[in-house]
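Source file start_5.cif; content: mmCIF, C-alpha atoms and all ligand atoms.
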```cif
data_upload
#
loop_
_atom_site.group_PDB
_atom_site.id
_atom_site.type_symbol
_atom_site.label_atom_id
_atom_site.label_comp_id
_atom_site.auth_asym_id
_atom_site.auth_seq_id
_atom_site.Cartn_x
_atom_site.Cartn_y
_atom_site.Cartn_z
ATOM 1 C CA MET A 1 -56.262 -69.904 -55.284
ATOM 2 C CA PRO A 2 -55.009 -71.500 -58.538
ATOM 3 C CA ASP A 3 -54.337 -75.246 -58.289
ATOM 4 C CA ILE A 4 -50.985 -75.848 -56.608
ATOM 5 C CA THR A 5 -48.821 -78.331 -58.519
ATOM 6 C CA LEU A 6 -45.246 -79.541 -58.296
ATOM 7 C CA THR A 7 -44.391 -76.886 -60.872
ATOM 8 C CA THR A 8 -45.819 -74.178 -58.586
ATOM 9 C CA LEU A 9 -43.690 -75.427 -55.697
ATOM 10 C CA LEU A 10 -40.522 -75.489 -57.808
ATOM 11 C CA GLU A 11 -41.275 -71.935 -58.984
ATOM 12 C CA HIS A 12 -41.718 -70.854 -55.354
ATOM 13 C CA LYS A 13 -38.355 -72.378 -54.467
ATOM 14 C CA ALA A 14 -36.646 -70.765 -57.461
ATOM 15 C CA ARG A 15 -37.835 -67.269 -56.538
ATOM 16 C CA GLY A 16 -37.478 -67.719 -52.781
ATOM 17 C CA GLU A 17 -41.208 -67.551 -52.045
ATOM 18 C CA LYS A 18 -41.969 -69.520 -48.882
ATOM 19 C CA ILE A 19 -44.481 -72.395 -49.077
ATOM 20 C CA ALA A 20 -47.239 -72.507 -46.448
ATOM 21 C CA MET A 21 -48.314 -76.024 -45.454
ATOM 22 C CA LEU A 22 -50.581 -77.102 -42.594
ATOM 23 C CA THR A 23 -51.978 -80.405 -41.416
ATOM 24 C CA CYS A 24 -55.636 -80.958 -42.210
ATOM 25 C CA TYR A 25 -57.990 -83.841 -41.503
ATOM 26 C CA ASP A 26 -61.475 -82.761 -42.653
ATOM 27 C CA ALA A 27 -63.411 -80.917 -45.346
ATOM 28 C CA THR A 28 -64.309 -77.794 -43.355
ATOM 29 C CA PHE A 29 -60.717 -77.049 -42.336
ATOM 30 C CA ALA A 30 -59.547 -77.872 -45.864
ATOM 31 C CA ALA A 31 -61.822 -75.170 -47.265
ATOM 32 C CA ALA A 32 -60.902 -72.667 -44.528
ATOM 33 C CA SER A 33 -57.174 -73.316 -45.028
ATOM 34 C CA CYS A 34 -57.507 -72.775 -48.786
ATOM 35 C CA ASP A 35 -59.424 -69.540 -48.146
ATOM 36 C CA ALA A 36 -56.438 -68.446 -46.027
ATOM 37 C CA GLY A 37 -54.060 -69.148 -48.930
ATOM 38 C CA ILE A 38 -52.422 -72.254 -47.468
ATOM 39 C CA GLU A 39 -50.916 -74.070 -50.422
ATOM 40 C CA MET A 40 -50.328 -77.574 -49.105
ATOM 41 C CA LEU A 41 -52.588 -79.645 -46.844
ATOM 42 C CA LEU A 42 -50.882 -82.503 -45.035
ATOM 43 C CA VAL A 43 -53.172 -85.318 -43.970
ATOM 44 C CA GLY A 44 -50.689 -86.321 -41.298
ATOM 45 C CA ASP A 45 -50.778 -89.435 -39.183
ATOM 46 C CA SER A 46 -50.614 -86.916 -36.326
ATOM 47 C CA LEU A 47 -54.383 -87.420 -36.577
ATOM 48 C CA GLY A 48 -53.795 -90.396 -34.301
ATOM 49 C CA MET A 49 -52.794 -88.003 -31.548
ATOM 50 C CA VAL A 50 -54.887 -84.874 -32.193
ATOM 51 C CA LEU A 51 -58.120 -86.528 -33.428
ATOM 52 C CA GLN A 52 -58.038 -90.012 -31.906
ATOM 53 C CA GLY A 53 -56.351 -89.114 -28.606
ATOM 54 C CA ARG A 54 -53.652 -91.760 -28.900
ATOM 55 C CA ASP A 55 -50.212 -91.291 -27.328
ATOM 56 C CA SER A 56 -48.314 -91.843 -30.599
ATOM 57 C CA THR A 57 -48.955 -92.150 -34.330
ATOM 58 C CA LEU A 58 -48.327 -95.910 -34.326
ATOM 59 C CA PRO A 59 -51.952 -97.122 -34.058
ATOM 60 C CA VAL A 60 -53.074 -95.173 -37.161
ATOM 61 C CA THR A 61 -54.148 -97.427 -40.053
ATOM 62 C CA ILE A 62 -54.258 -96.992 -43.824
ATOM 63 C CA GLU A 63 -58.065 -97.024 -43.536
ATOM 64 C CA ASP A 64 -57.887 -94.022 -41.142
ATOM 65 C CA MET A 65 -55.551 -92.210 -43.548
ATOM 66 C CA ALA A 66 -57.713 -92.902 -46.604
ATOM 67 C CA TYR A 67 -60.880 -91.774 -44.781
ATOM 68 C CA HIS A 68 -59.377 -88.418 -43.726
ATOM 69 C CA THR A 69 -57.705 -87.884 -47.114
ATOM 70 C CA ALA A 70 -61.101 -88.297 -48.795
ATOM 71 C CA CYS A 71 -62.649 -85.813 -46.305
ATOM 72 C CA VAL A 72 -59.926 -83.241 -47.044
ATOM 73 C CA LYS A 73 -60.339 -83.724 -50.795
ATOM 74 C CA ARG A 74 -64.045 -82.829 -50.540
ATOM 75 C CA GLY A 75 -63.281 -79.430 -48.987
ATOM 76 C CA ASN A 76 -60.124 -78.687 -50.955
ATOM 77 C CA LYS A 77 -60.067 -75.630 -53.197
ATOM 78 C CA GLY A 78 -56.781 -75.980 -55.060
ATOM 79 C CA ALA A 79 -54.200 -76.878 -52.411
ATOM 80 C CA MET A 80 -51.846 -79.799 -52.950
ATOM 81 C CA ILE A 81 -52.900 -82.680 -50.688
ATOM 82 C CA VAL A 82 -50.106 -84.779 -49.188
ATOM 83 C CA ALA A 83 -51.045 -87.904 -47.228
ATOM 84 C CA ASP A 84 -48.921 -89.935 -44.829
ATOM 85 C CA LEU A 85 -48.222 -93.623 -45.166
ATOM 86 C CA PRO A 86 -48.948 -94.868 -41.638
ATOM 87 C CA PHE A 87 -46.642 -96.881 -39.371
ATOM 88 C CA MET A 88 -45.390 -100.041 -41.163
ATOM 89 C CA GLY A 89 -46.853 -98.819 -44.442
ATOM 90 C CA THR A 90 -43.215 -98.919 -45.556
ATOM 91 C CA ALA A 91 -42.734 -102.545 -44.447
ATOM 92 C CA THR A 92 -42.208 -103.819 -47.999
ATOM 93 C CA LEU A 93 -42.089 -102.353 -51.498
ATOM 94 C CA GLU A 94 -45.387 -104.031 -52.295
ATOM 95 C CA GLU A 95 -47.004 -102.511 -49.200
ATOM 96 C CA ILE A 96 -45.678 -99.054 -50.136
ATOM 97 C CA TYR A 97 -47.205 -99.328 -53.628
ATOM 98 C CA ARG A 98 -50.503 -100.701 -52.319
ATOM 99 C CA GLN A 99 -50.939 -98.100 -49.577
ATOM 100 C CA SER A 100 -49.766 -95.227 -51.809
ATOM 101 C CA ALA A 101 -52.343 -96.231 -54.428
ATOM 102 C CA THR A 102 -55.041 -96.235 -51.726
ATOM 103 C CA LEU A 103 -54.095 -92.692 -50.659
ATOM 104 C CA MET A 104 -53.913 -91.395 -54.233
ATOM 105 C CA ARG A 105 -57.327 -92.910 -55.001
ATOM 106 C CA ALA A 106 -58.683 -91.176 -51.882
ATOM 107 C CA GLY A 107 -57.543 -87.792 -53.204
ATOM 108 C CA ALA A 108 -53.862 -87.273 -52.350
ATOM 109 C CA HIS A 109 -51.560 -85.618 -54.883
ATOM 110 C CA MET A 110 -48.397 -86.806 -53.100
ATOM 111 C CA VAL A 111 -47.577 -89.356 -50.424
ATOM 112 C CA LYS A 112 -45.230 -88.849 -47.484
ATOM 113 C CA LEU A 113 -43.043 -91.624 -46.113
ATOM 114 C CA GLU A 114 -40.897 -91.519 -42.997
ATOM 115 C CA GLY A 115 -37.399 -92.905 -43.489
ATOM 116 C CA GLY A 116 -34.028 -92.432 -45.133
ATOM 117 C CA ALA A 117 -31.989 -93.549 -48.111
ATOM 118 C CA TRP A 118 -33.318 -97.088 -47.653
ATOM 119 C CA LEU A 119 -36.484 -95.743 -49.336
ATOM 120 C CA CYS A 120 -34.660 -94.859 -52.603
ATOM 121 C CA GLU A 121 -35.966 -97.858 -54.541
ATOM 122 C CA ALA A 122 -39.516 -97.113 -53.420
ATOM 123 C CA VAL A 123 -39.207 -93.424 -54.312
ATOM 124 C CA THR A 124 -38.014 -94.272 -57.833
ATOM 125 C CA GLY A 125 -40.717 -96.907 -58.265
ATOM 126 C CA LEU A 126 -43.452 -94.557 -57.073
ATOM 127 C CA ALA A 127 -42.298 -91.797 -59.444
ATOM 128 C CA GLN A 128 -42.220 -94.277 -62.348
ATOM 129 C CA ARG A 129 -45.810 -95.179 -61.494
ATOM 130 C CA GLY A 130 -46.976 -91.538 -61.307
ATOM 131 C CA ILE A 131 -46.851 -90.972 -57.544
ATOM 132 C CA PRO A 132 -44.751 -88.089 -56.197
ATOM 133 C CA ALA A 133 -43.153 -88.869 -52.840
ATOM 134 C CA CYS A 134 -42.111 -86.616 -49.987
ATOM 135 C CA ILE A 135 -39.616 -88.118 -47.563
ATOM 136 C CA HIS A 136 -39.793 -87.111 -43.902
ATOM 137 C CA LEU A 137 -36.316 -86.961 -42.303
ATOM 138 C CA GLY A 138 -34.990 -85.979 -38.891
ATOM 139 C CA LEU A 139 -37.431 -86.643 -36.067
ATOM 140 C CA THR A 140 -39.683 -89.236 -37.689
ATOM 141 C CA PRO A 141 -42.425 -89.835 -35.094
ATOM 142 C CA GLN A 142 -43.094 -93.418 -36.245
ATOM 143 C CA SER A 143 -39.597 -94.230 -34.899
ATOM 144 C CA VAL A 144 -40.212 -92.698 -31.468
ATOM 145 C CA ASN A 145 -39.402 -96.036 -29.806
ATOM 146 C CA ILE A 146 -36.013 -96.171 -31.521
ATOM 147 C CA PHE A 147 -35.246 -92.542 -30.618
ATOM 148 C CA GLY A 148 -36.339 -92.991 -27.007
ATOM 149 C CA GLY A 149 -38.653 -89.988 -27.165
ATOM 150 C CA TYR A 150 -39.437 -86.991 -29.357
ATOM 151 C CA ARG A 151 -35.890 -85.591 -29.501
ATOM 152 C CA VAL A 152 -34.080 -83.186 -31.809
ATOM 153 C CA GLN A 153 -32.163 -85.169 -34.455
ATOM 154 C CA GLY A 154 -28.962 -84.433 -36.387
ATOM 155 C CA ARG A 155 -27.077 -82.617 -33.632
ATOM 156 C CA GLU A 156 -24.024 -84.885 -33.710
ATOM 157 C CA ALA A 157 -21.675 -84.599 -36.708
ATOM 158 C CA ALA A 158 -22.228 -88.212 -37.808
ATOM 159 C CA ALA A 159 -26.024 -87.919 -37.649
ATOM 160 C CA ALA A 160 -25.945 -84.617 -39.554
ATOM 161 C CA ALA A 161 -23.729 -86.164 -42.253
ATOM 162 C CA GLN A 162 -26.083 -89.157 -42.513
ATOM 163 C CA LEU A 163 -29.115 -86.906 -42.902
ATOM 164 C CA LYS A 164 -27.412 -84.865 -45.641
ATOM 165 C CA ALA A 165 -26.382 -88.046 -47.480
ATOM 166 C CA ASP A 166 -29.931 -89.427 -47.172
ATOM 167 C CA ALA A 167 -31.415 -86.199 -48.543
ATOM 168 C CA GLN A 168 -29.062 -86.211 -51.529
ATOM 169 C CA ALA A 169 -29.663 -89.889 -52.314
ATOM 170 C CA LEU A 170 -33.445 -89.504 -52.062
ATOM 171 C CA GLU A 171 -33.457 -86.474 -54.331
ATOM 172 C CA GLN A 172 -31.377 -88.378 -56.892
ATOM 173 C CA ALA A 173 -33.801 -91.294 -56.611
ATOM 174 C CA GLY A 174 -36.657 -88.980 -57.583
ATOM 175 C CA ALA A 175 -38.156 -87.636 -54.344
ATOM 176 C CA ALA A 176 -40.479 -84.723 -55.134
ATOM 177 C CA MET A 177 -40.089 -83.051 -51.749
ATOM 178 C CA LEU A 178 -38.297 -83.433 -48.420
ATOM 179 C CA LEU A 179 -39.632 -82.636 -44.965
ATOM 180 C CA LEU A 180 -37.298 -82.028 -42.045
ATOM 181 C CA GLU A 181 -38.618 -82.271 -38.493
ATOM 182 C CA CYS A 182 -36.791 -81.064 -35.371
ATOM 183 C CA VAL A 183 -33.278 -80.610 -36.663
ATOM 184 C CA PRO A 184 -30.822 -77.768 -36.038
ATOM 185 C CA SER A 185 -31.490 -74.738 -38.240
ATOM 186 C CA SER A 186 -27.948 -74.811 -39.645
ATOM 187 C CA LEU A 187 -28.392 -78.406 -40.840
ATOM 188 C CA ALA A 188 -31.785 -77.609 -42.398
ATOM 189 C CA ALA A 189 -30.244 -74.612 -44.166
ATOM 190 C CA GLU A 190 -27.490 -76.808 -45.651
ATOM 191 C CA VAL A 191 -29.970 -79.427 -46.877
ATOM 192 C CA THR A 192 -32.235 -76.742 -48.376
ATOM 193 C CA THR A 193 -29.400 -75.025 -50.222
ATOM 194 C CA ALA A 194 -28.091 -78.316 -51.609
ATOM 195 C CA SER A 195 -31.519 -79.516 -52.701
ATOM 196 C CA LYS A 196 -33.250 -78.820 -56.023
ATOM 197 C CA VAL A 197 -36.613 -80.033 -54.687
ATOM 198 C CA PRO A 198 -38.628 -78.076 -52.084
ATOM 199 C CA VAL A 199 -37.701 -78.689 -48.458
ATOM 200 C CA ILE A 200 -40.414 -78.107 -45.848
ATOM 201 C CA GLY A 201 -39.520 -77.681 -42.195
ATOM 202 C CA ILE A 202 -41.160 -78.138 -38.805
ATOM 203 C CA GLY A 203 -38.852 -77.199 -35.975
ATOM 204 C CA ALA A 204 -36.115 -76.808 -38.589
ATOM 205 C CA GLY A 205 -35.623 -73.035 -38.550
ATOM 206 C CA PRO A 206 -36.315 -70.280 -41.052
ATOM 207 C CA SER A 207 -34.188 -71.371 -44.026
ATOM 208 C CA THR A 208 -36.308 -74.185 -45.423
ATOM 209 C CA ASP A 209 -38.415 -73.505 -48.523
ATOM 210 C CA GLY A 210 -41.627 -73.771 -46.522
ATOM 211 C CA GLN A 211 -43.118 -74.503 -43.118
ATOM 212 C CA VAL A 212 -45.668 -76.934 -41.758
ATOM 213 C CA LEU A 213 -47.369 -77.095 -38.364
ATOM 214 C CA VAL A 214 -49.968 -79.374 -36.853
ATOM 215 C CA LEU A 215 -53.315 -77.552 -37.078
ATOM 216 C CA HIS A 216 -54.318 -78.093 -33.450
ATOM 217 C CA ASP A 217 -50.906 -76.896 -32.203
ATOM 218 C CA MET A 218 -51.079 -73.588 -34.085
ATOM 219 C CA LEU A 219 -54.640 -73.052 -32.859
ATOM 220 C CA GLY A 220 -53.347 -73.376 -29.301
ATOM 221 C CA MET A 221 -55.163 -76.651 -28.644
ATOM 222 C CA SER A 222 -53.372 -79.428 -26.767
ATOM 223 C CA LEU A 223 -54.755 -82.611 -25.199
ATOM 224 C CA THR A 224 -51.706 -83.089 -22.993
ATOM 225 C CA GLY A 225 -50.934 -79.470 -22.133
ATOM 226 C CA PHE A 226 -47.525 -79.818 -23.802
ATOM 227 C CA THR A 227 -46.662 -77.455 -26.639
ATOM 228 C CA PRO A 228 -43.463 -78.103 -28.632
ATOM 229 C CA ARG A 229 -40.961 -75.267 -28.657
ATOM 230 C CA PHE A 230 -41.259 -74.786 -32.443
ATOM 231 C CA VAL A 231 -44.994 -73.991 -32.291
ATOM 232 C CA ARG A 232 -46.558 -70.524 -32.313
ATOM 233 C CA ASN A 233 -50.152 -70.128 -31.178
ATOM 234 C CA PHE A 234 -51.750 -68.125 -34.000
ATOM 235 C CA MET A 235 -55.064 -67.780 -32.157
ATOM 236 C CA GLN A 236 -53.334 -65.221 -29.952
ATOM 237 C CA GLY A 237 -54.177 -61.886 -31.535
ATOM 238 C CA SER A 238 -56.695 -63.441 -33.972
ATOM 239 C CA ALA A 239 -60.444 -62.849 -33.763
ATOM 240 C CA SER A 240 -61.406 -66.142 -35.428
ATOM 241 C CA ILE A 241 -59.994 -69.450 -36.665
ATOM 242 C CA GLY A 242 -60.032 -68.048 -40.205
ATOM 243 C CA ASP A 243 -57.924 -65.099 -39.028
ATOM 244 C CA ALA A 244 -55.474 -67.446 -37.279
ATOM 245 C CA LEU A 245 -55.050 -69.511 -40.464
ATOM 246 C CA ALA A 246 -54.478 -66.314 -42.454
ATOM 247 C CA ALA A 247 -51.988 -65.036 -39.843
ATOM 248 C CA TYR A 248 -50.049 -68.306 -40.118
ATOM 249 C CA GLN A 249 -49.998 -68.108 -43.918
ATOM 250 C CA ALA A 250 -48.824 -64.480 -43.803
ATOM 251 C CA ALA A 251 -46.129 -65.200 -41.197
ATOM 252 C CA VAL A 252 -44.733 -68.087 -43.263
ATOM 253 C CA LYS A 253 -44.790 -65.992 -46.443
ATOM 254 C CA ASP A 254 -43.080 -62.943 -44.886
ATOM 255 C CA GLY A 255 -40.573 -65.095 -42.977
ATOM 256 C CA SER A 256 -41.610 -63.862 -39.510
ATOM 257 C CA PHE A 257 -42.443 -67.469 -38.556
ATOM 258 C CA PRO A 258 -40.423 -69.302 -37.379
ATOM 259 C CA ALA A 259 -38.701 -66.795 -35.091
ATOM 260 C CA PRO A 260 -35.428 -67.534 -33.231
ATOM 261 C CA ALA A 261 -37.478 -68.727 -30.224
ATOM 262 C CA HIS A 262 -38.824 -71.607 -32.367
ATOM 263 C CA GLU A 263 -35.390 -72.850 -33.535
ATOM 264 C CA PHE A 264 -33.027 -75.588 -32.387
ATOM 265 C CA ASN A 265 -29.266 -75.056 -32.419
ATOM 266 C CA ALA A 266 -26.648 -77.648 -33.258
HETATM 267 O O1 LIG B 301 -48.193 -86.352 -39.178
HETATM 268 C C1 LIG B 301 -47.895 -85.163 -39.243
HETATM 269 O O2 LIG B 301 -48.678 -84.267 -38.936
HETATM 270 C C2 LIG B 301 -46.564 -84.814 -39.692
HETATM 271 C C3 LIG B 301 -46.079 -83.430 -39.395
HETATM 272 C C4 LIG B 301 -45.651 -83.365 -37.975
HETATM 273 C C5 LIG B 301 -45.014 -82.995 -40.312
HETATM 274 O O3 LIG B 301 -45.866 -85.628 -40.226
#
```
How would this structure read if it were set down as structure tokens?
Ligand code: KIV
Amino acid sequence: MPDITLTTLLEHKARGEKIAMLTCYDATFAAASCDAGIEMLLVGDSLGMVLQGRDSTLPVTIEDMAYHTACVKRGNKGAMIVADLPFMGTATLEEIYRQSATLMRAGAHMVKLEGGAWLCEAVTGLAQRGIPACIHLGLTPQSVNIFGGYRVQGREAAAAAQLKADAQALEQAGAAMLLLECVPSSLAAEVTTASKVPVIGIGAGPSTDGQVLVLHDMLGMSLTGFTPRFVRNFMQGSASIGDALAAYQAAVKDGSFPAPAHEFNA
């Protein structure tokens, strides 16, 4: 796989080619995901739940994120590595710069921050300093205690309007990518159409420019027994993990994933 850059992603968006992204936390899965043609590896703070067995992402530290980003970098074969700023990594502008630098030094090509238009100054500052930023909107798991659970976001007209305004402001501020989690498909479609930068979805329907899933979810592995509605188990019908990764990549590329069963309505 040729090295995936921001230019590659913009070209994909321009010609309507879907972007396949998957979470990844170690070198072996990084290599296997690249072999399957997965273009973006997200070192997500979901590692707190799927690797560390915690009940939320809140306990994850910048040291955890840097360690797993460095592991993924060692196995990477050309994918773009995106790493999450952990809970309270966005506490101040200084903290955002410091933690983003740590993740970039560990091997990330882009950082992901959970939030809204209040991150505009940080997004501009990061871009000026050479760090592309992806902003995670919708169901932002670090705010689970504000939301009162892992609930679909943007269903009410005011919340949908706020999300669209946030997306537009962040793009104007210089965001390199947006990620929408658990929002109605119609809202995700509107944001994607209005946006010049790639929009990746998880539980956001088929219209986004690309899809991401948590690795363990799409391999059918769950500590709690709960599987979110937007997940498909790609081990079903696959003879090996490598085949499941390739089936996911193919299903994202040909648009067969996500199917209507994985969507949320307004
Ligand atoms: O941490 C993570 O894995 C994520 C995905 C759920 C998008 O942010």
So that I can see what lies close to Ile38 (chain A), please list as a PyMOL selection string the residues with an atom at most 12 Å from it, counting only C-alpha atoms and leaving out residues fewer than 5 positions away in the same chain. chain A and resi 1-4+18-24+29-33+76-81+210-213+215+242+244-253
Please identify all protein, DNA and RNA residues within 9 Å of ligand LIG 301 (chain B), counting all atoms listed in the file, and report them as a ChimeraX atom specification. /A:22-24,42-48,57,83-84,86,112-114,136,140-141,179-181,200-202,212-215
Go through A:Gly255, A:Gly174, A:Gly138, A:Gly220 one by one, measure the shortest atom-to-atom distance of each to Arg151 (chain A) using all atoms listed in the file, and give the residue with the smallest value.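 That would be A:Gly138, the residue with the smallest distance to Arg151 (chain A).
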By how many Å are CA of Thr92 (chain A) and CA of Gln52 (chain A) apart?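 Taking CA of Thr92 (chain A) as the start and CA of Gln52 (chain A) as the end point, the length is 26.5 Å.
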Using only C-alpha atoms and a cutoff of 9 Å, can you tell me which residues are near (-35.7, -80.1, -30.4) in the file's coordinates, and write them out as a PyMOL selection string? chain A and resi 139+150-153+181-184+203-204+228-230+263-265
Please write as a short mmCIF file (atom, residue, chain, number, x, y, z; two decimals) with C-alpha atoms, in the frame of the given file the full residue list that the PyMOL selection byres (((chain A and resi 96) around 10) and not hetatm) yields on this file.
```
data_model
loop_
_atom_site.label_atom_id
_atom_site.label_comp_id
_atom_site.auth_asym_id
_atom_site.auth_seq_id
_atom_site.Cartn_x
_atom_site.Cartn_y
_atom_site.Cartn_z
CA LEU A 85 -48.22 -93.62 -45.17
CA MET A 88 -45.39 -100.04 -41.16
CA GLY A 89 -46.85 -98.82 -44.44
CA THR A 90 -43.22 -98.92 -45.56
CA ALA A 91 -42.73 -102.54 -44.45
CA THR A 92 -42.21 -103.82 -48.00
CA LEU A 93 -42.09 -102.35 -51.50
CA GLU A 94 -45.39 -104.03 -52.30
CA GLU A 95 -47.00 -102.51 -49.20
CA TYR A 97 -47.20 -99.33 -53.63
CA ARG A 98 -50.50 -100.70 -52.32
CA GLN A 99 -50.94 -98.10 -49.58
CA SER A 100 -49.77 -95.23 -51.81
CA ALA A 101 -52.34 -96.23 -54.43
CA THR A 102 -55.04 -96.24 -51.73
CA VAL A 111 -47.58 -89.36 -50.42
CA LEU A 113 -43.04 -91.62 -46.11
CA LEU A 119 -36.48 -95.74 -49.34
CA ALA A 122 -39.52 -97.11 -53.42
CA VAL A 123 -39.21 -93.42 -54.31
CA GLY A 125 -40.72 -96.91 -58.26
CA LEU A 126 -43.45 -94.56 -57.07
#
```
Since I can't run it myself right now, could you work out what the PyMOL selection byres (((chain A and resi 132) around 10) and not hetatm) selects here and report it as a list in words?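 For this structure, the PyMOL selection byres (((chain A and resi 132) around 10) and not hetatm) resolves to Leu6, Val82, Ser100, Met104, Ala108, His109, Met110, Val111, Lys112, Val123, Thr124, Gly125, Leu126, Ala127, Gln128, Arg129, Gly130, Ile131, Ala133, Cys134, Gly174, Ala175, Ala176 and Met177 of chain A.
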Test item: the PyMOL selection byres (((chain A and resi 192) around 10) and not hetatm) resolved as a list in words: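 Those residues are Lys13, Lys164, Ala167, Leu178, Leu180, Ser186, Leu187, Ala188, Ala189, Glu190, Val191, Thr193, Ala194, Ser195, Lys196, Val197, Pro198, Val199, Ile200, Gly201, Ser207, Thr208 and Asp209 of chain A.
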Given 3 Å on each side, where is the centre and what are the edge lengths in Å to one decimal of the axis-aligned box enclosing the listed atoms of region 59-69 of chain A, as JSON?
```
{"center_x": -56.4, "center_y": -92.7, "center_z": -40.6, "size_x": 14.9, "size_y": 15.5, "size_z": 19.1}
```
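When only C-alpha atoms are used to compute distances to Met221 (chain A), the closest of the residues A:Leu170, A:Ala261, A:Met235, A:Cys120 turns out to be A:Met235.
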Name all residues at most 6 Å from Asp26 (chain A) (count all atoms listed in the file; drop same-chain ones fewer than 2 positions away) and give them as a list of chain:residue names. A:Thr28, A:Phe29, A:Cys71, A:Val72
For the atom pair CA of Gly205 (chain A) and CA of Ala159 (chain A), what is the interatomic distance in Å to one decimal place?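 Pair CA of Gly205 (chain A) / CA of Ala159 (chain A) returns 17.7 Å.
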Expressed in Å to a single decimal, how great is the separation between CA of Asp35 (chain A) and CA of Leu51 (chain A)?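 For CA of Asp35 (chain A) relative to CA of Leu51 (chain A), the distance reads 22.5 Å.
Distances from A:Leu219, A:Ile146, A:Val60, A:Ala106 to Ala239 (chain A) were compared using all atoms listed in the file, and the smallest one belongs to A:Leu219.
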With all atoms listed in the file as the atoms that count, which of A:Phe257, A:Ser185, A:Ala173, A:His262 lies nearest to Thr227 (chain A)?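 Of all the options, A:His262 lies closest to Thr227 (chain A).
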Which residue is closest to Ala157 (chain A)? Choose from A:Leu103, A:Val231, A:Gly115, A:Ala266 and count all atoms listed in the file.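 Of A:Leu103, A:Val231, A:Gly115, A:Ala266, the one nearest Ala157 (chain A) is A:Ala266, counting all atoms listed in the file.
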